[in-house]
Amino acid sequence: MELMNFKNINKLFNNRIFICAVWVIFAVFTTFKQYHYGSEHNNFRIFIYTFFHAQDHLNLYLRYPAEYGDMNHYGPFFSLIIAPFALLPQYVGMFFWQLANTLFLYYALSTLPIKNVKVNAVYWISANELMSSLFCFQINPAIAAIIILSYTMINKGNNFVATCLILIGTFIKLYGIVGLAFFFFAKEKQKFVLYFFFWAVLFFLLPMLFFTPDYILQCYVDWYYSLSAKQVENATLVSWQDISIMGVFRRFFQNSAIPNWPFLLIGIVLFCLPYLRLKQYKSESFRLMYLASTLIFTVIFSNSSESPTYIIAFVGVAIWFVIQPRPLSLTVIGLFIFAILLTTLAPTDIYPQYIRTNYILKYSLKAIPCVILWFYLCYQMISQDFTKQEWKTE
């Protein structure tokens with residue numbers, strides 16, 4: 001009887017309809033809770049007012065305390081992306097925004113070139129981090145989806161769609177540009193470059209058709225200054241952001257003057273070293289490791305990273321984990337458990353509020369497991385032979 005129950009539970013948790021239903025419930029629950037009892041839908045108000053302010057030709061990057069807290073830091077192109085949600089009644093728009101982010105990531109993960117049971121594992125491993133992001137009404141699940149689909153479209157030889165996704169992500173939040181990490185795996189690289197410039201010009205000009213060229217050009221200038229100021233603000237020791245490798249050092253030593261560039265230099269060198277292993281390109285596992293590396297790198301080396309941003313990194317952790325050779329090494333198991341305990345569970349009530357505020361947040365501890373895991377991932381990519389049987393994805 002116990003064996004029968006286990007098989008039924010296993011079958012249920014590997015049922016895609018059930019998994020999708022659970023993820024949709026996340027969207028429903030977070031929308032209801034935050035609209036009625038929370039305050040985090042402030043982010044959604046920031047988003048929709050990028051459209052309303054663009055209509056009125058107002059500066060998109062100033063504070064408007066009568067309408068929302070904080071400031072907008074997304075590109076002027078985002079005003080078109082958010083428009084359909086802004087035109088709906090607020091509660092309805094909030095729900096469809098959550099649903100769109102959720103289903104976009106769900107679909108992107110379904111395109112991964114690995115066994116269904118491993119994709120299902122990625123869904124469950126990422127679930128708690130997805131919930132954390134949805135509570136804050138962030139666009140990060142969609143950014144993760146864009147990076148993943150950039151990879152899978154390049155993998156399928158669809159450079160036209162891949163470059164479209166990369167540029168959409170770039171013109172929204174800049175993070176999407178990391179999709180270029182998969183350029184070396186692309187077939188017909190000349191077409192890739194042509195498509196890239198086609199979409200870049202189109203998305204640069206598109207908002208001008210709706211809001212006038214002079215206004216949008218000024219928006220791009222304002223966006224640049226907004227992001228520059230945000231980089232300085234994030235590095236302060238009391239920011240909710242800077243949950244990154246730089247933030248760990250700045251907060252541990254209580255020195256906001258520690259610069260980003262030494263960390264970025266080391267990170268970029270380590271990130272790029274595996275590109276030298278040309279013979280490994282034919283291995284699906286090697287390319288998937290680059291996908292995982294890209295997802296994690298994007299977050300841990302950005303001082304704009306905050307807790308909800310980690311849906312991007314943790315999807316990378318999940319992909320890294322499911323493609324590891326079996327039986328799993330103690331190192332892999334240890335790093336994965338560490339990431340579960342300190343990264344994805346960091347903002348939850350499993351830790352007392354005092355611990356979350358005075359240790360996890362204060363010292364950017366949420367970043368540490370992903371940082372250590374990423375360095376180990378880099379070591380694997382530099383040292384392992386991914387063409388061997390144990391690294392086969394099928």
# chains A, B, ... in the order shown; residues from 1 in each chain; ligands from 1

call {"tool": "select_by_dssp", "arguments": {"residues": "region 181-328 of chain A", "states": "alpha helix (DSSP H)", "output": "count of residues only"}}
result
95

call {"tool": "atom_distance", "arguments": {"atom1": "CA of Thr294 (chain A)", "atom2": "CA of Ile148 (chain A)"}}
result
9.5 Å

call {"tool": "closest_atom_pairs", "arguments": {"of": "region 262-381 of chain A", "to": "region 227-235 of chain A", "cutoff": "12 Å", "atoms": "only C-alpha atoms", "output": "tab-separated table"}}
result
residue	atom	partner	partner_atom	distance
A:Ser302	CA	A:Gln231	CA	9.3
A:Asn303	CA	A:Asn234	CA	6.2
A:Ser304	CA	A:Asn234	CA	6.2
A:Ser305	CA	A:Asn234	CA	8.8
A:Glu306	CA	A:Asn234	CA	9.6
A:Ser364	CA	A:Ala235	CA	11.6

call {"tool": "write_last_selection", "arguments": {"atoms": "N, CA and C atoms", "output": "PDB file, in the first residue's frame"}}
result
ATOM      1  N   SER A 302      25.594  41.515 -10.080  1.00  0.00           N
ATOM      2  CA  SER A 302      24.846  42.760 -10.272  1.00  0.00           C
ATOM      3  C   SER A 302      24.512  43.364  -8.916  1.00  0.00           C
ATOM      4  N   ASN A 303      24.920  44.598  -8.697  1.00  0.00           N
ATOM      5  CA  ASN A 303      24.583  45.202  -7.406  1.00  0.00           C
ATOM      6  C   ASN A 303      23.159  45.762  -7.399  1.00  0.00           C
ATOM      7  N   SER A 304      22.416  45.518  -8.485  1.00  0.00           N
ATOM      8  CA  SER A 304      20.981  45.812  -8.501  1.00  0.00           C
ATOM      9  C   SER A 304      20.161  44.618  -8.015  1.00  0.00           C
ATOM     10  N   SER A 305      20.822  43.507  -7.763  1.00  0.00           N
ATOM     11  CA  SER A 305      20.100  42.297  -7.366  1.00  0.00           C
ATOM     12  C   SER A 305      19.488  42.457  -5.982  1.00  0.00           C
ATOM     13  N   GLU A 306      18.244  42.058  -5.868  1.00  0.00           N
ATOM     14  CA  GLU A 306      17.546  42.010  -4.597  1.00  0.00           C
ATOM     15  C   GLU A 306      16.941  40.623  -4.458  1.00  0.00           C
ATOM     16  N   SER A 364      23.900  40.389   3.117  1.00  0.00           N
ATOM     17  CA  SER A 364      23.651  39.813   1.774  1.00  0.00           C
ATOM     18  C   SER A 364      23.942  38.321   1.730  1.00  0.00           C
TER      19      SER A 364
END

call {"tool": "atom_distance", "arguments": {"atom1": "CA of Asp70 (chain A)", "atom2": "CA of Ser133 (chain A)"}}
result
17.4 Å

call {"tool": "residues_around", "arguments": {"residues": "region 183-192 of chain A", "least_positions_apart": "4", "cutoff": "7 Å", "atoms": "only C-alpha atoms", "output": "JSON, numbers by chain"}}
result
{"A": [154, 155, 157, 159, 196, 281]}

call {"tool": "closest_residue", "arguments": {"among": "A:Gly69, A:Pro327, A:Pro352, A:Gly247", "to": "Ile368 (chain A)", "atoms": "only C-alpha atoms"}}
result
A:Gly247

call {"tool": "atom_distance", "arguments": {"atom1": "CA of Leu291 (chain A)", "atom2": "CA of Cys370 (chain A)"}}
result
14.5 Å

call {"tool": "closest_atom_pairs", "arguments": {"of": "region 75-145 of chain A", "to": "region 295-301 of chain A", "cutoff": "12 Å", "atoms": "only C-alpha atoms", "output": "JSON lines"}}
result
{"residue": "A:Asn140", "atom": "CA", "partner": "A:Val299", "partner_atom": "CA", "distance": 10.6}
{"residue": "A:Pro141", "atom": "CA", "partner": "A:Leu295", "partner_atom": "CA", "distance": 11.5}
{"residue": "A:Ile143", "atom": "CA", "partner": "A:Leu295", "partner_atom": "CA", "distance": 9.8}
{"residue": "A:Ala144", "atom": "CA", "partner": "A:Leu295", "partner_atom": "CA", "distance": 7.3}
{"residue": "A:Ala145", "atom": "CA", "partner": "A:Leu295", "partner_atom": "CA", "distance": 10.2}

call {"tool": "closest_residue", "arguments": {"among": "A:Ala313, A:Ile17, A:Leu377, A:Leu134", "to": "Leu99 (chain A)", "atoms": "only C-alpha atoms"}}
result
A:Leu134

call {"tool": "closest_residue", "arguments": {"among": "A:Trp261, A:Phe336, A:Phe210, A:Phe286", "to": "Trp391 (chain A)", "atoms": "only C-alpha atoms"}}
result
A:Phe286

call {"tool": "residues_around", "arguments": {"residues": "Val178 (chain A)", "least_positions_apart": "2", "cutoff": "9 Å", "atoms": "only C-alpha atoms", "output": "ChimeraX atom specification"}}
result
/A:147,166,170,174-176,180-182,294-295,298

call {"tool": "closest_residue", "arguments": {"among": "A:Met246, A:Val269, A:Val28, A:Ala21", "to": "Phe137 (chain A)", "atoms": "only C-alpha atoms"}}
result
A:Val28

call {"tool": "closest_residue", "arguments": {"among": "A:Thr102, A:Gln324, A:Thr387, A:Ser244", "to": "Ala367 (chain A)", "atoms": "only C-alpha atoms"}}
result
A:Ser244

call {"tool": "closest_residue", "arguments": {"among": "A:Leu265, A:Met208, A:Leu361, A:Ala54", "to": "Val238 (chain A)", "atoms": "only C-alpha atoms"}}
result
A:Leu361

call {"tool": "residues_around", "arguments": {"residues": "Leu165 (chain A)", "least_positions_apart": "2", "cutoff": "9 Å", "atoms": "only C-alpha atoms", "output": "PDB file with C-alpha atoms, in the first residue's frame"}}
result
ATOM      1  CA  ILE A 146      13.837  35.351 -21.942  1.00  0.00           C
ATOM      2  CA  ILE A 147      17.350  34.126 -21.105  1.00  0.00           C
ATOM      3  CA  LEU A 149      14.378  30.866 -24.492  1.00  0.00           C
ATOM      4  CA  SER A 150      17.323  32.750 -26.004  1.00  0.00           C
ATOM      5  CA  PHE A 160      15.485  35.349 -35.543  1.00  0.00           C
ATOM      6  CA  VAL A 161      13.409  34.648 -32.436  1.00  0.00           C
ATOM      7  CA  ALA A 162      16.482  34.339 -30.185  1.00  0.00           C
ATOM      8  CA  THR A 163      17.755  37.808 -31.078  1.00  0.00           C
ATOM      9  CA  LEU A 167      16.727  42.647 -27.409  1.00  0.00           C
ATOM     10  CA  ILE A 168      13.329  42.689 -25.689  1.00  0.00           C
ATOM     11  CA  GLY A 169      15.049  41.797 -22.423  1.00  0.00           C
ATOM     12  CA  THR A 170      17.758  44.378 -23.035  1.00  0.00           C
ATOM     13  CA  GLY A 176      18.484  40.358 -21.395  1.00  0.00           C
ATOM     14  CA  GLY A 179      21.612  36.066 -23.955  1.00  0.00           C
TER      15      GLY A 179
END

call {"tool": "decode", "arguments": {"residues": "region 261-305 of chain A", "atoms": "N, CA and C atoms", "output": "PDB file, in the first residue's frame"}}
result
ATOM      1  N   TRP A 261      34.443  46.786  -9.934  1.00  0.00           N
ATOM      2  CA  TRP A 261      35.221  46.322 -11.083  1.00  0.00           C
ATOM      3  C   TRP A 261      36.154  45.138 -10.801  1.00  0.00           C
ATOM      4  N   PRO A 262      36.806  45.019  -9.628  1.00  0.00           N
ATOM      5  CA  PRO A 262      37.672  43.836  -9.443  1.00  0.00           C
ATOM      6  C   PRO A 262      36.871  42.526  -9.466  1.00  0.00           C
ATOM      7  N   PHE A 263      35.678  42.561  -8.891  1.00  0.00           N
ATOM      8  CA  PHE A 263      34.828  41.371  -8.875  1.00  0.00           C
ATOM      9  C   PHE A 263      34.330  41.040 -10.285  1.00  0.00           C
ATOM     10  N   LEU A 264      33.919  42.089 -10.999  1.00  0.00           N
ATOM     11  CA  LEU A 264      33.430  41.883 -12.362  1.00  0.00           C
ATOM     12  C   LEU A 264      34.537  41.357 -13.267  1.00  0.00           C
ATOM     13  N   LEU A 265      35.739  41.864 -13.096  1.00  0.00           N
ATOM     14  CA  LEU A 265      36.869  41.409 -13.916  1.00  0.00           C
ATOM     15  C   LEU A 265      37.126  39.925 -13.691  1.00  0.00           C
ATOM     16  N   ILE A 266      37.194  39.517 -12.428  1.00  0.00           N
ATOM     17  CA  ILE A 266      37.416  38.098 -12.107  1.00  0.00           C
ATOM     18  C   ILE A 266      36.259  37.265 -12.625  1.00  0.00           C
ATOM     19  N   GLY A 267      35.040  37.752 -12.426  1.00  0.00           N
ATOM     20  CA  GLY A 267      33.862  37.013 -12.860  1.00  0.00           C
ATOM     21  C   GLY A 267      33.813  36.820 -14.359  1.00  0.00           C
ATOM     22  N   ILE A 268      34.101  37.875 -15.113  1.00  0.00           N
ATOM     23  CA  ILE A 268      34.062  37.778 -16.578  1.00  0.00           C
ATOM     24  C   ILE A 268      35.133  36.825 -17.092  1.00  0.00           C
ATOM     25  N   VAL A 269      36.322  36.874 -16.501  1.00  0.00           N
ATOM     26  CA  VAL A 269      37.407  35.965 -16.920  1.00  0.00           C
ATOM     27  C   VAL A 269      36.986  34.511 -16.691  1.00  0.00           C
ATOM     28  N   LEU A 270      36.460  34.226 -15.507  1.00  0.00           N
ATOM     29  CA  LEU A 270      36.037  32.861 -15.206  1.00  0.00           C
ATOM     30  C   LEU A 270      34.862  32.432 -16.080  1.00  0.00           C
ATOM     31  N   PHE A 271      33.954  33.373 -16.331  1.00  0.00           N
ATOM     32  CA  PHE A 271      32.797  33.068 -17.169  1.00  0.00           C
ATOM     33  C   PHE A 271      33.227  32.713 -18.590  1.00  0.00           C
ATOM     34  N   CYS A 272      34.250  33.413 -19.095  1.00  0.00           N
ATOM     35  CA  CYS A 272      34.646  33.243 -20.493  1.00  0.00           C
ATOM     36  C   CYS A 272      35.645  32.114 -20.723  1.00  0.00           C
ATOM     37  N   LEU A 273      36.366  31.706 -19.699  1.00  0.00           N
ATOM     38  CA  LEU A 273      37.389  30.660 -19.877  1.00  0.00           C
ATOM     39  C   LEU A 273      36.862  29.396 -20.560  1.00  0.00           C
ATOM     40  N   PRO A 274      35.685  28.886 -20.190  1.00  0.00           N
ATOM     41  CA  PRO A 274      35.209  27.653 -20.840  1.00  0.00           C
ATOM     42  C   PRO A 274      34.973  27.796 -22.342  1.00  0.00           C
ATOM     43  N   TYR A 275      34.826  29.038 -22.847  1.00  0.00           N
ATOM     44  CA  TYR A 275      34.665  29.221 -24.288  1.00  0.00           C
ATOM     45  C   TYR A 275      35.874  28.689 -25.059  1.00  0.00           C
ATOM     46  N   LEU A 276      37.024  28.611 -24.396  1.00  0.00           N
ATOM     47  CA  LEU A 276      38.222  28.130 -25.063  1.00  0.00           C
ATOM     48  C   LEU A 276      38.166  26.640 -25.352  1.00  0.00           C
ATOM     49  N   ARG A 277      37.244  25.935 -24.721  1.00  0.00           N
ATOM     50  CA  ARG A 277      37.151  24.480 -24.880  1.00  0.00           C
ATOM     51  C   ARG A 277      36.226  24.148 -26.065  1.00  0.00           C
ATOM     52  N   LEU A 278      36.697  24.430 -27.247  1.00  0.00           N
ATOM     53  CA  LEU A 278      35.872  24.340 -28.453  1.00  0.00           C
ATOM     54  C   LEU A 278      35.286  22.945 -28.668  1.00  0.00           C
ATOM     55  N   LYS A 279      36.033  21.908 -28.303  1.00  0.00           N
ATOM     56  CA  LYS A 279      35.558  20.538 -28.526  1.00  0.00           C
ATOM     57  C   LYS A 279      34.356  20.196 -27.658  1.00  0.00           C
ATOM     58  N   GLN A 280      34.169  20.952 -26.582  1.00  0.00           N
ATOM     59  CA  GLN A 280      33.050  20.676 -25.686  1.00  0.00           C
ATOM     60  C   GLN A 280      31.734  21.269 -26.201  1.00  0.00           C
ATOM     61  N   TYR A 281      31.802  22.141 -27.185  1.00  0.00           N
ATOM     62  CA  TYR A 281      30.593  22.810 -27.668  1.00  0.00           C
ATOM     63  C   TYR A 281      29.533  21.817 -28.146  1.00  0.00           C
ATOM     64  N   LYS A 282      29.986  20.669 -28.649  1.00  0.00           N
ATOM     65  CA  LYS A 282      29.033  19.691 -29.186  1.00  0.00           C
ATOM     66  C   LYS A 282      28.233  19.003 -28.096  1.00  0.00           C
ATOM     67  N   SER A 283      28.664  19.153 -26.849  1.00  0.00           N
ATOM     68  CA  SER A 283      27.968  18.502 -25.735  1.00  0.00           C
ATOM     69  C   SER A 283      26.795  19.358 -25.261  1.00  0.00           C
ATOM     70  N   GLU A 284      25.618  18.765 -25.228  1.00  0.00           N
ATOM     71  CA  GLU A 284      24.437  19.461 -24.715  1.00  0.00           C
ATOM     72  C   GLU A 284      24.624  19.855 -23.256  1.00  0.00           C
ATOM     73  N   SER A 285      25.241  18.988 -22.480  1.00  0.00           N
ATOM     74  CA  SER A 285      25.456  19.284 -21.060  1.00  0.00           C
ATOM     75  C   SER A 285      26.365  20.495 -20.880  1.00  0.00           C
ATOM     76  N   PHE A 286      27.405  20.587 -21.700  1.00  0.00           N
ATOM     77  CA  PHE A 286      28.301  21.738 -21.620  1.00  0.00           C
ATOM     78  C   PHE A 286      27.538  23.023 -21.909  1.00  0.00           C
ATOM     79  N   ARG A 287      26.711  22.996 -22.942  1.00  0.00           N
ATOM     80  CA  ARG A 287      25.938  24.194 -23.294  1.00  0.00           C
ATOM     81  C   ARG A 287      24.913  24.521 -22.205  1.00  0.00           C
ATOM     82  N   LEU A 288      24.305  23.499 -21.621  1.00  0.00           N
ATOM     83  CA  LEU A 288      23.361  23.730 -20.524  1.00  0.00           C
ATOM     84  C   LEU A 288      24.065  24.288 -19.291  1.00  0.00           C
ATOM     85  N   MET A 289      25.296  23.855 -19.074  1.00  0.00           N
ATOM     86  CA  MET A 289      26.070  24.423 -17.969  1.00  0.00           C
ATOM     87  C   MET A 289      26.303  25.909 -18.215  1.00  0.00           C
ATOM     88  N   TYR A 290      26.507  26.288 -19.481  1.00  0.00           N
ATOM     89  CA  TYR A 290      26.660  27.709 -19.781  1.00  0.00           C
ATOM     90  C   TYR A 290      25.359  28.469 -19.530  1.00  0.00           C
ATOM     91  N   LEU A 291      24.238  27.826 -19.813  1.00  0.00           N
ATOM     92  CA  LEU A 291      22.957  28.448 -19.501  1.00  0.00           C
ATOM     93  C   LEU A 291      22.826  28.664 -17.996  1.00  0.00           C
ATOM     94  N   ALA A 292      23.122  27.631 -17.215  1.00  0.00           N
ATOM     95  CA  ALA A 292      23.064  27.757 -15.759  1.00  0.00           C
ATOM     96  C   ALA A 292      24.027  28.832 -15.266  1.00  0.00           C
ATOM     97  N   SER A 293      25.233  28.830 -15.810  1.00  0.00           N
ATOM     98  CA  SER A 293      26.236  29.818 -15.425  1.00  0.00           C
ATOM     99  C   SER A 293      25.755  31.234 -15.720  1.00  0.00           C
ATOM    100  N   THR A 294      25.150  31.424 -16.886  1.00  0.00           N
ATOM    101  CA  THR A 294      24.662  32.743 -17.286  1.00  0.00           C
ATOM    102  C   THR A 294      23.567  33.244 -16.351  1.00  0.00           C
ATOM    103  N   LEU A 295      22.631  32.370 -16.021  1.00  0.00           N
ATOM    104  CA  LEU A 295      21.519  32.742 -15.138  1.00  0.00           C
ATOM    105  C   LEU A 295      22.026  33.155 -13.755  1.00  0.00           C
ATOM    106  N   ILE A 296      22.997  32.415 -13.238  1.00  0.00           N
ATOM    107  CA  ILE A 296      23.529  32.730 -11.909  1.00  0.00           C
ATOM    108  C   ILE A 296      24.417  33.962 -11.962  1.00  0.00           C
ATOM    109  N   PHE A 297      25.305  34.027 -12.947  1.00  0.00           N
ATOM    110  CA  PHE A 297      26.229  35.154 -13.103  1.00  0.00           C
ATOM    111  C   PHE A 297      25.478  36.480 -13.172  1.00  0.00           C
ATOM    112  N   THR A 298      24.383  36.496 -13.933  1.00  0.00           N
ATOM    113  CA  THR A 298      23.600  37.713 -14.125  1.00  0.00           C
ATOM    114  C   THR A 298      23.183  38.341 -12.806  1.00  0.00           C
ATOM    115  N   VAL A 299      22.913  37.515 -11.813  1.00  0.00           N
ATOM    116  CA  VAL A 299      22.403  37.991 -10.531  1.00  0.00           C
ATOM    117  C   VAL A 299      23.519  38.279  -9.541  1.00  0.00           C
ATOM    118  N   ILE A 300      24.454  37.346  -9.395  1.00  0.00           N
ATOM    119  CA  ILE A 300      25.449  37.488  -8.315  1.00  0.00           C
ATOM    120  C   ILE A 300      26.495  38.561  -8.621  1.00  0.00           C
ATOM    121  N   PHE A 301      26.588  38.993  -9.887  1.00  0.00           N
ATOM    122  CA  PHE A 301      27.533  40.060 -10.227  1.00  0.00           C
ATOM    123  C   PHE A 301      26.815  41.373 -10.559  1.00  0.00           C
ATOM    124  N   SER A 302      25.594  41.515 -10.080  1.00  0.00           N
ATOM    125  CA  SER A 302      24.846  42.760 -10.272  1.00  0.00           C
ATOM    126  C   SER A 302      24.512  43.364  -8.916  1.00  0.00           C
ATOM    127  N   ASN A 303      24.920  44.598  -8.697  1.00  0.00           N
ATOM    128  CA  ASN A 303      24.583  45.202  -7.406  1.00  0.00           C
ATOM    129  C   ASN A 303      23.159  45.762  -7.399  1.00  0.00           C
ATOM    130  N   SER A 304      22.416  45.518  -8.485  1.00  0.00           N
ATOM    131  CA  SER A 304      20.981  45.812  -8.501  1.00  0.00           C
ATOM    132  C   SER A 304      20.161  44.618  -8.015  1.00  0.00           C
ATOM    133  N   SER A 305      20.822  43.507  -7.763  1.00  0.00           N
ATOM    134  CA  SER A 305      20.100  42.297  -7.366  1.00  0.00           C
ATOM    135  C   SER A 305      19.488  42.457  -5.982  1.00  0.00           C
TER     136      SER A 305
END
